[in-house]
Structure formats: C-alpha cells, structure tokens
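A.B. asks: I am attaching a structure below and will ask some questions about it afterwards.
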Amino acid sequence: MTSTALKAEQTGAKLIDGKAVALKMREAQRARVEALQATGVTPGLAVVLVGDDAASSIYVSRKVKACEAVGIKSISHRHPSSITNEELLVLIGKLNADPNVHGILVQLPLPAHIDMAKVLETIAPEKDVDGFHLYNVGALVVGRQIFPPCTPYGVMHLLEYSDIPIEGRNVVVIGASNIVGKPMALMLMARDATVAICHAKTRDLGQWTILADILVVAAGVPNLIVPQMVKTGAVVIDVGINRLPDGKIVGDVDFEGVRKKASYITPVPGGVGPMTIAMLLENTIQSAERKAGLREPAHD
Ligand code: GUN
C-alpha cells in the first residue's frame, strides 16, 4: 500500500453497514413473530404491485423474501397496468377487511392513470405500514410516530446504532419527496436537530451541504455530492439508488472521494436499502402486535 493510500484509509470514514444492522434486527424480529404465533397470530403483509416497472419488481421480491425470513406471511397481488382505479380500490377494501392482513403495501410509483392519493387514503390507517396515509403523515407532523415511513425510519435506526448524536446538530436533507425527504426532516426535527431541506430548485447546493453535521442525500442523481461540498467529519447518509449504463449500482454521493472527508458514511448498495426492508418488517410486526393486544393500539 502506498503511503497516500495508507493515509486515506487511516483518515477515512467509518462505514455504516446497513446490511449487517438489518440482519441483526432480523433475529429479534423472528423471535417476536414466534411470540405472536404462540398467541395464534401470524403477521400478514399484503404486497400490491401494479405494472411492470423493473426496479419496483426487484424491490417487491426483496420485501417478500425478507418477510419469509422472519416468518411474516406475505400475500402478493401483482396486477398489469391495465387495472382500473376502481378495481384497485376494491382490492384495497378487501385487504382492509381481511383479519389475516396486518399490513398493506402498495409499491410506488403507480401508473399515471391511477389516482395515487386516493389509493393511499383508502388503505386502513392501522394497516398502513408504509406510513403514507394522511392520518399517519399527520401523526408524524405532531410527533406521534405510528407507522414511520420505512426509509427515513431506517436512517434514524442507523444513526442510533452508530451512536451519532442528533440533538442540536445541523442536518441537511437533499430531496423533498413524501417518501423520504419530508418524513426524514420531521423525524430529525422531533429529535431536536436543526434541519434544512434542499431540492432540485435549490440554488448553490454546496453552500447548504457544507454546513451539515449530518447530510442525508435522497436526490436520485449519481455523484451529486462531491468532497468539496462536505464538511470535514460530517456523517453522510446516501439514500440514492442509481443504475449506471454499465449496470453498476451507485448512490448519490461520490463515495470514494467523500469517504476520505466524512466521519461516517453509508455504502450503496448495503447501506440504507436493506434498512428500508428491515423497517417494513418492523412496522408489520408492530401492527400485528397491536392487533394481538401485545402493544398499545395505534388508534383510540
Ligand atoms: N417506492 C420507493 N420507495 C417506496 C417505499 O418505501 N414504499 C413503497 N410502497 N413504494 C416505494
């Protein structure tokens, strides 16, 4: 190893291994599913996939496989994009009424002719394990986390697992989506961080990112974050999943460059991605535990 390479390694960021954390969580999750089964309840997750989006199909397969690994019964509903809005709402109504279903996940994005807002509002709030129903979004806004959306919930777990303090720290979130950026900001605010959200229209992004003690990037743009945009010692959480023309999967952060400057960094793949699935299992088990009376109900 050259002396420069040695120095880079010595000063490099600690890797936050989301895959390892997610696998570790699985042991406890399996035990909780067994405890539920002892009371006669098998947690059930209905997974709805509409259309043939290749990435969605892969994500859904991973979710189904993870359910199997902890003993959650997953029920897949795959439909062609020709399904009507009405048919989809009828399906959700049936899943709402099915006592064996504790969680309902409708994989996004949906085809353009489907009214996504209506679909998400039709899911029973107590089965909304993605946390996208208005009731659960509202709960998050006022600091009650009933079903925290899985990706930001996973990021919070990684920060906690790595003993990274949040209170009073400057956090910059890049990306203002309903799935990641906005709930991420709310969860961090609930922990008394000072939060800024940047997005595609933000001018001079680097002026914001350089202030961040913790930088969460969910923009879907490879190499958006380069070392000169990152404060020395920052914690960098890369939520991006991008497929390059050569098939390689990368995040939004120039990993090799930024890891030399950051104190902690998540890799892609193997960082936030596995945690999104881990938190989906968590929310589904919690839903079944509430139903079985092993946990306080989510609703009055
Ligand atoms: N599409 C991208 N991320 C998610 C997610 O967390 N949940 C669902 N349902 N769809 C997604």
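Chains: A, B, ... in order of the structure tokens. Residues: from 1 per chain. Ligands: from 1, in order shown.
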Check which residues fall inside 10 Å of ligand 1 when counting only C-alpha atoms and all ligand atoms, and print them as a PyMOL selection string.
C.D. replies: chain A and resi 47-49+55-56+59-60+104-110+120+128-132+149-152+178-180+273+276-277+279-280
A.B. asks: Show me, as a list of chain:residue names, the residues that have an atom within 8 Å of His199 (chain A) when counting only C-alpha atoms, minus same-chain residues fewer than 5 positions from it.
C.D. replies: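 Contacts, in chain order: A:Ile174, A:Gly175, A:Ala176, A:Ala219.
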A.B. asks: Take the residues that were just selected and, keeping N, CA, C and O atoms, output them as a JSON list (two decimals), in the first residue's frame.
C.D. replies:
[["chain", "number", "residue", "atom", "x", "y", "z"],
["A", 174, "ILE", "N", -31.30, 16.34, 1.39],
["A", 174, "ILE", "CA", -31.43, 16.70, -0.03],
["A", 174, "ILE", "C", -32.48, 15.80, -0.65],
["A", 174, "ILE", "O", -32.34, 14.57, -0.67],
["A", 175, "GLY", "N", -33.56, 16.44, -1.12],
["A", 175, "GLY", "CA", -34.70, 15.70, -1.65],
["A", 175, "GLY", "C", -35.90, 15.98, -0.78],
["A", 175, "GLY", "O", -35.82, 15.84, 0.45],
["A", 176, "ALA", "N", -37.01, 16.41, -1.39],
["A", 176, "ALA", "CA", -38.19, 16.80, -0.61],
["A", 176, "ALA", "C", -39.38, 15.90, -0.93],
["A", 176, "ALA", "O", -40.53, 16.34, -0.94],
["A", 219, "ALA", "N", -31.62, 12.22, -3.68],
["A", 219, "ALA", "CA", -31.94, 13.00, -4.87],
["A", 219, "ALA", "C", -32.08, 12.14, -6.12],
["A", 219, "ALA", "O", -32.73, 12.54, -7.09]]
A.B. asks: Ser74 (chain A): which residues within 10 Å, counting only C-alpha atoms, same-chain residues fewer than 5 positions away excluded, as a list of chain:residue names?
C.D. replies: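 Within the cut-off, the hits are A:Pro43, A:Gly44, A:Leu45, A:Ala46, A:Val47, A:Lys63, A:Val64, A:Lys65, A:Ala66, A:Cys67, A:Glu68, A:Val101, A:Gly103, A:Ile104.
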A.B. asks: For the residues selected in the previous step, produce a file with N, CA and C atoms as a CSV table (one decimal), in the first residue's frame.
C.D. replies:
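Saved result, again17.csv, follows:
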chain,number,residue,atom,x,y,z
A,43,PRO,N,-48.3,-12.7,11.6
A,43,PRO,CA,-48.3,-11.4,10.9
A,43,PRO,C,-48.4,-11.6,9.4
A,44,GLY,N,-49.3,-10.8,8.8
A,44,GLY,CA,-49.5,-10.9,7.3
A,44,GLY,C,-49.3,-9.6,6.6
A,45,LEU,N,-48.6,-9.6,5.5
A,45,LEU,CA,-48.3,-8.4,4.8
A,45,LEU,C,-48.8,-8.6,3.3
A,46,ALA,N,-49.8,-7.8,2.9
A,46,ALA,CA,-50.2,-7.8,1.5
A,46,ALA,C,-49.4,-6.8,0.7
A,47,VAL,N,-48.8,-7.3,-0.3
A,47,VAL,CA,-47.9,-6.5,-1.2
A,47,VAL,C,-48.5,-6.3,-2.6
A,63,LYS,N,-38.7,-7.6,-0.6
A,63,LYS,CA,-39.6,-7.4,0.5
A,63,LYS,C,-40.2,-8.8,0.9
A,64,VAL,N,-40.7,-9.5,-0.2
A,64,VAL,CA,-41.4,-10.7,0.1
A,64,VAL,C,-40.4,-11.8,0.7
A,65,LYS,N,-39.2,-11.8,0.1
A,65,LYS,CA,-38.2,-12.7,0.6
A,65,LYS,C,-37.8,-12.4,2.1
A,66,ALA,N,-37.7,-11.1,2.4
A,66,ALA,CA,-37.4,-10.8,3.8
A,66,ALA,C,-38.5,-11.2,4.8
A,67,CYS,N,-39.8,-11.0,4.3
A,67,CYS,CA,-40.9,-11.5,5.1
A,67,CYS,C,-40.8,-12.9,5.5
A,68,GLU,N,-40.5,-13.7,4.4
A,68,GLU,CA,-40.3,-15.2,4.6
A,68,GLU,C,-39.3,-15.5,5.7
A,101,VAL,N,-54.6,-9.9,7.3
A,101,VAL,CA,-53.7,-8.9,6.8
A,101,VAL,C,-53.4,-7.8,7.8
A,103,GLY,N,-50.7,-5.7,7.4
A,103,GLY,CA,-50.0,-4.6,6.7
A,103,GLY,C,-50.4,-4.6,5.3
A,104,ILE,N,-50.5,-3.4,4.7
A,104,ILE,CA,-50.8,-3.3,3.2
A,104,ILE,C,-49.8,-2.4,2.6
A.B. asks: With 8 Å as the cut-off and only C-alpha atoms counted, what is the closest atom pair between each nearby residue of region 148-175 of chain A and region 182-197 of chain A? Distances in Å to one decimal, ordered by chain and number, as CSV.
C.D. replies:
residue,atom,partner,partner_atom,distance
A:Pro148,CA,A:Pro183,CA,7.9
A:Pro149,CA,A:Pro183,CA,6.9
A:Pro152,CA,A:Met184,CA,4.9
A:Tyr153,CA,A:Met184,CA,7.6
A:Met156,CA,A:Met187,CA,7.8
A:Ile166,CA,A:Ala193,CA,5.7
A:Glu167,CA,A:Asp192,CA,4.7
A:Gly168,CA,A:Ala193,CA,4.7
A:Arg169,CA,A:Ala193,CA,5.1
A:Asn170,CA,A:Thr194,CA,4.9
A:Val171,CA,A:Val195,CA,4.9
A:Val172,CA,A:Ala196,CA,4.9
A:Val173,CA,A:Ile197,CA,4.8
A:Ile174,CA,A:Ile197,CA,5.8
A:Gly175,CA,A:Ile197,CA,6.9
A.B. asks: At a cut-off of 9 Å, using only C-alpha atoms, what residues contact Val217 (chain A)? Leave out same-chain residues fewer than 5 positions from it and give the result as a list in words.
C.D. replies: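 The residues satisfying every condition are Val172, Val173, Ile174, Gly175, Gly181, Leu224, Ile225, Val236, Ile237, Asp238, Val239, Gly240, Gly251, Asp252 and Val253 of chain A.
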A.B. asks: Okay, now the selection with N, CA, C and O atoms, as an mmCIF file, in the first residue's frame?
C.D. replies:
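For reference, selection_18.cif as written:
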data_model
loop_
_atom_site.group_PDB
_atom_site.id
_atom_site.type_symbol
_atom_site.label_atom_id
_atom_site.label_comp_id
_atom_site.auth_asym_id
_atom_site.auth_seq_id
_atom_site.Cartn_x
_atom_site.Cartn_y
_atom_site.Cartn_z
ATOM 1 N N VAL A 172 -28.719 18.541 6.896
ATOM 2 C CA VAL A 172 -29.226 18.957 5.591
ATOM 3 C C VAL A 172 -29.743 17.710 4.887
ATOM 4 O O VAL A 172 -29.034 16.701 4.784
ATOM 5 N N VAL A 173 -31.016 17.784 4.483
ATOM 6 C CA VAL A 173 -31.660 16.686 3.757
ATOM 7 C C VAL A 173 -31.786 17.129 2.310
ATOM 8 O O VAL A 173 -32.329 18.209 2.040
ATOM 9 N N ILE A 174 -31.297 16.338 1.390
ATOM 10 C CA ILE A 174 -31.425 16.696 -0.028
ATOM 11 C C ILE A 174 -32.483 15.802 -0.648
ATOM 12 O O ILE A 174 -32.338 14.575 -0.673
ATOM 13 N N GLY A 175 -33.560 16.440 -1.123
ATOM 14 C CA GLY A 175 -34.705 15.702 -1.654
ATOM 15 C C GLY A 175 -35.904 15.980 -0.775
ATOM 16 O O GLY A 175 -35.816 15.841 0.450
ATOM 17 N N GLY A 181 -37.622 12.553 1.857
ATOM 18 C CA GLY A 181 -37.132 13.840 2.352
ATOM 19 C C GLY A 181 -37.999 14.474 3.431
ATOM 20 O O GLY A 181 -37.495 14.850 4.498
ATOM 21 N N LEU A 224 -23.846 13.451 -7.160
ATOM 22 C CA LEU A 224 -24.316 14.811 -6.856
ATOM 23 C C LEU A 224 -23.433 15.451 -5.783
ATOM 24 O O LEU A 224 -23.149 16.646 -5.814
ATOM 25 N N ILE A 225 -23.008 14.630 -4.822
ATOM 26 C CA ILE A 225 -22.241 15.164 -3.693
ATOM 27 C C ILE A 225 -20.766 14.782 -3.842
ATOM 28 O O ILE A 225 -20.415 13.596 -3.818
ATOM 29 N N VAL A 236 -22.421 11.138 6.529
ATOM 30 C CA VAL A 236 -23.050 11.198 5.205
ATOM 31 C C VAL A 236 -23.895 9.947 4.973
ATOM 32 O O VAL A 236 -23.377 8.817 4.987
ATOM 33 N N ILE A 237 -25.183 10.170 4.799
ATOM 34 C CA ILE A 237 -26.133 9.068 4.605
ATOM 35 C C ILE A 237 -26.643 9.142 3.163
ATOM 36 O O ILE A 237 -27.314 10.115 2.784
ATOM 37 N N ASP A 238 -26.342 8.124 2.395
ATOM 38 C CA ASP A 238 -26.677 8.124 0.964
ATOM 39 C C ASP A 238 -27.895 7.229 0.725
ATOM 40 O O ASP A 238 -27.816 6.008 0.817
ATOM 41 N N VAL A 239 -29.022 7.868 0.403
ATOM 42 C CA VAL A 239 -30.272 7.122 0.187
ATOM 43 C C VAL A 239 -30.453 6.774 -1.299
ATOM 44 O O VAL A 239 -31.302 5.978 -1.667
ATOM 45 N N GLY A 240 -29.640 7.374 -2.153
ATOM 46 C CA GLY A 240 -29.811 7.183 -3.602
ATOM 47 C C GLY A 240 -29.534 5.754 -4.043
ATOM 48 O O GLY A 240 -28.679 5.067 -3.477
ATOM 49 N N GLY A 251 -24.892 5.257 -5.403
ATOM 50 C CA GLY A 251 -25.762 6.203 -4.709
ATOM 51 C C GLY A 251 -25.678 7.583 -5.344
ATOM 52 O O GLY A 251 -25.347 7.725 -6.530
ATOM 53 N N ASP A 252 -25.954 8.607 -4.514
ATOM 54 C CA ASP A 252 -25.896 9.999 -4.984
ATOM 55 C C ASP A 252 -24.580 10.668 -4.598
ATOM 56 O O ASP A 252 -24.344 11.823 -4.930
ATOM 57 N N VAL A 253 -23.759 9.935 -3.842
ATOM 58 C CA VAL A 253 -22.542 10.517 -3.275
ATOM 59 C C VAL A 253 -21.323 9.907 -3.967
ATOM 60 O O VAL A 253 -21.291 8.697 -4.219
#
A.B. asks: Report, in Å to a single decimal, how far apart CA of Val119 (chain A) and CA of Lys94 (chain A) are.
C.D. replies: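 Pair CA of Lys94 (chain A) / CA of Val119 (chain A) returns 13.0 Å.
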A.B. asks: Could you check how far CA of Leu134 (chain A) sits from CA of Ile146 (chain A), in Å to one decimal?
C.D. replies: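 If I compute the distance from CA of Leu134 (chain A) to CA of Ile146 (chain A), I get 11.8 Å.
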A.B. asks: Which residues in region 6-154 of chain A does DSSP call alpha helix (DSSP H)? List them as a PyMOL selection string.
C.D. replies: chain A and resi 6-11+18-38+54-70+85-97+116-122+134-141+150-154
A.B. asks: In terms of the shortest atom-to-atom distance over only C-alpha atoms, which of A:Ile114, A:Cys198, A:Ile241, A:Val137 is closest to Ser82 (chain A)?
C.D. replies: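 Ranking A:Ile114, A:Cys198, A:Ile241, A:Val137 by distance to Ser82 (chain A), first place goes to A:Ile114.
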A.B. asks: Which one is closest to Ser177 (chain A): A:Val141, A:Leu23, A:Ala200, A:Ala28? Count only C-alpha atoms.
C.D. replies: A:Ala200
A.B. asks: Using DSSP assignments from the backbone, pull out every residue in region 68-295 of chain A that falls under strand (DSSP E or B) and give it to me as a ChimeraX atom specification.
C.D. replies: /A:73-79,103-106,170-174,194-198,214-217,225,235-238,242-243,249-250,253,264-265
A.B. asks: Taking only C-alpha atoms into account, name the residue in A:Pro269, A:Arg62, A:Asn96, A:Thr84 that is nearest to Ala112 (chain A).
C.D. replies: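 Residue with the minimum atom-to-atom distance to Ala112 (chain A): A:Thr84.
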A.B. asks: Which residues, written as a tab-separated table (two decimals) with N, CA and C atoms, in the first residue's frame, have at least one atom at most 10 Å from region 30-37 of chain A, with only C-alpha atoms counted and residues fewer than 2 positions away on the same chain left out?
C.D. replies:
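What landed in part24.tsv:
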chain	number	residue	atom	x	y	z
A	25	MET	N	-31.17	-7.15	13.17
A	25	MET	CA	-32.55	-6.89	13.61
A	25	MET	C	-33.45	-8.10	13.36
A	26	ARG	N	-33.12	-8.83	12.32
A	26	ARG	CA	-33.97	-9.98	11.93
A	26	ARG	C	-34.09	-11.02	13.03
A	27	GLU	N	-33.00	-11.21	13.80
A	27	GLU	CA	-33.05	-12.23	14.87
A	27	GLU	C	-34.16	-11.87	15.85
A	28	ALA	N	-34.17	-10.62	16.29
A	28	ALA	CA	-35.18	-10.18	17.26
A	28	ALA	C	-36.56	-10.20	16.61
A	39	THR	N	-49.57	-16.93	20.20
A	39	THR	CA	-50.92	-16.46	20.57
A	39	THR	C	-51.92	-16.73	19.44
A	40	GLY	N	-51.47	-17.42	18.41
A	40	GLY	CA	-52.37	-17.77	17.30
A	40	GLY	C	-52.40	-16.75	16.18
A	41	VAL	N	-51.47	-15.78	16.21
A	41	VAL	CA	-51.46	-14.73	15.18
A	41	VAL	C	-50.20	-14.85	14.33
A	42	THR	N	-50.37	-15.00	13.02
A	42	THR	CA	-49.23	-14.92	12.10
A	42	THR	C	-49.31	-13.58	11.39
A	43	PRO	N	-48.27	-12.71	11.56
A	43	PRO	CA	-48.35	-11.41	10.90
A	43	PRO	C	-48.45	-11.59	9.38
A	67	CYS	N	-39.78	-11.04	4.32
A	67	CYS	CA	-40.92	-11.47	5.14
A	67	CYS	C	-40.77	-12.95	5.48
A	68	GLU	N	-40.49	-13.75	4.44
A	68	GLU	CA	-40.34	-15.20	4.65
A	68	GLU	C	-39.26	-15.48	5.69
A	69	ALA	N	-38.18	-14.72	5.64
A	69	ALA	CA	-37.03	-14.98	6.52
A	69	ALA	C	-37.39	-14.79	7.99
A	70	VAL	N	-38.38	-13.95	8.30
A	70	VAL	CA	-38.73	-13.76	9.72
A	70	VAL	C	-40.06	-14.42	10.09
A	71	GLY	N	-40.71	-15.04	9.13
A	71	GLY	CA	-41.97	-15.73	9.43
A	71	GLY	C	-43.23	-14.92	9.18
A	72	ILE	N	-43.09	-13.75	8.56
A	72	ILE	CA	-44.28	-12.97	8.19
A	72	ILE	C	-44.86	-13.60	6.93
A	281	LEU	N	-40.59	-4.67	7.88
A	281	LEU	CA	-40.88	-5.84	8.73
A	281	LEU	C	-41.26	-5.36	10.13
A	282	GLU	N	-40.50	-4.37	10.62
A	282	GLU	CA	-40.74	-3.81	11.96
A	282	GLU	C	-42.18	-3.27	12.06
A	285	ILE	N	-44.75	-6.13	11.99
A	285	ILE	CA	-44.81	-6.87	13.26
A	285	ILE	C	-45.50	-6.01	14.32
A	286	GLN	N	-45.16	-4.73	14.34
A	286	GLN	CA	-45.82	-3.83	15.32
A	286	GLN	C	-47.33	-3.80	15.11
A	288	ALA	N	-49.21	-6.17	13.87
A	288	ALA	CA	-49.77	-7.43	14.37
A	288	ALA	C	-49.76	-7.45	15.90
A	289	GLU	N	-48.71	-6.90	16.50
A	289	GLU	CA	-48.64	-6.86	17.98
A	289	GLU	C	-49.76	-5.99	18.54
A	292	ALA	N	-52.92	-7.94	18.34
A	292	ALA	CA	-52.97	-9.05	19.30
A	292	ALA	C	-52.99	-8.56	20.74
A	294	LEU	N	-50.58	-7.01	22.25
A	294	LEU	CA	-49.25	-7.06	22.87
A	294	LEU	C	-48.60	-5.69	22.92
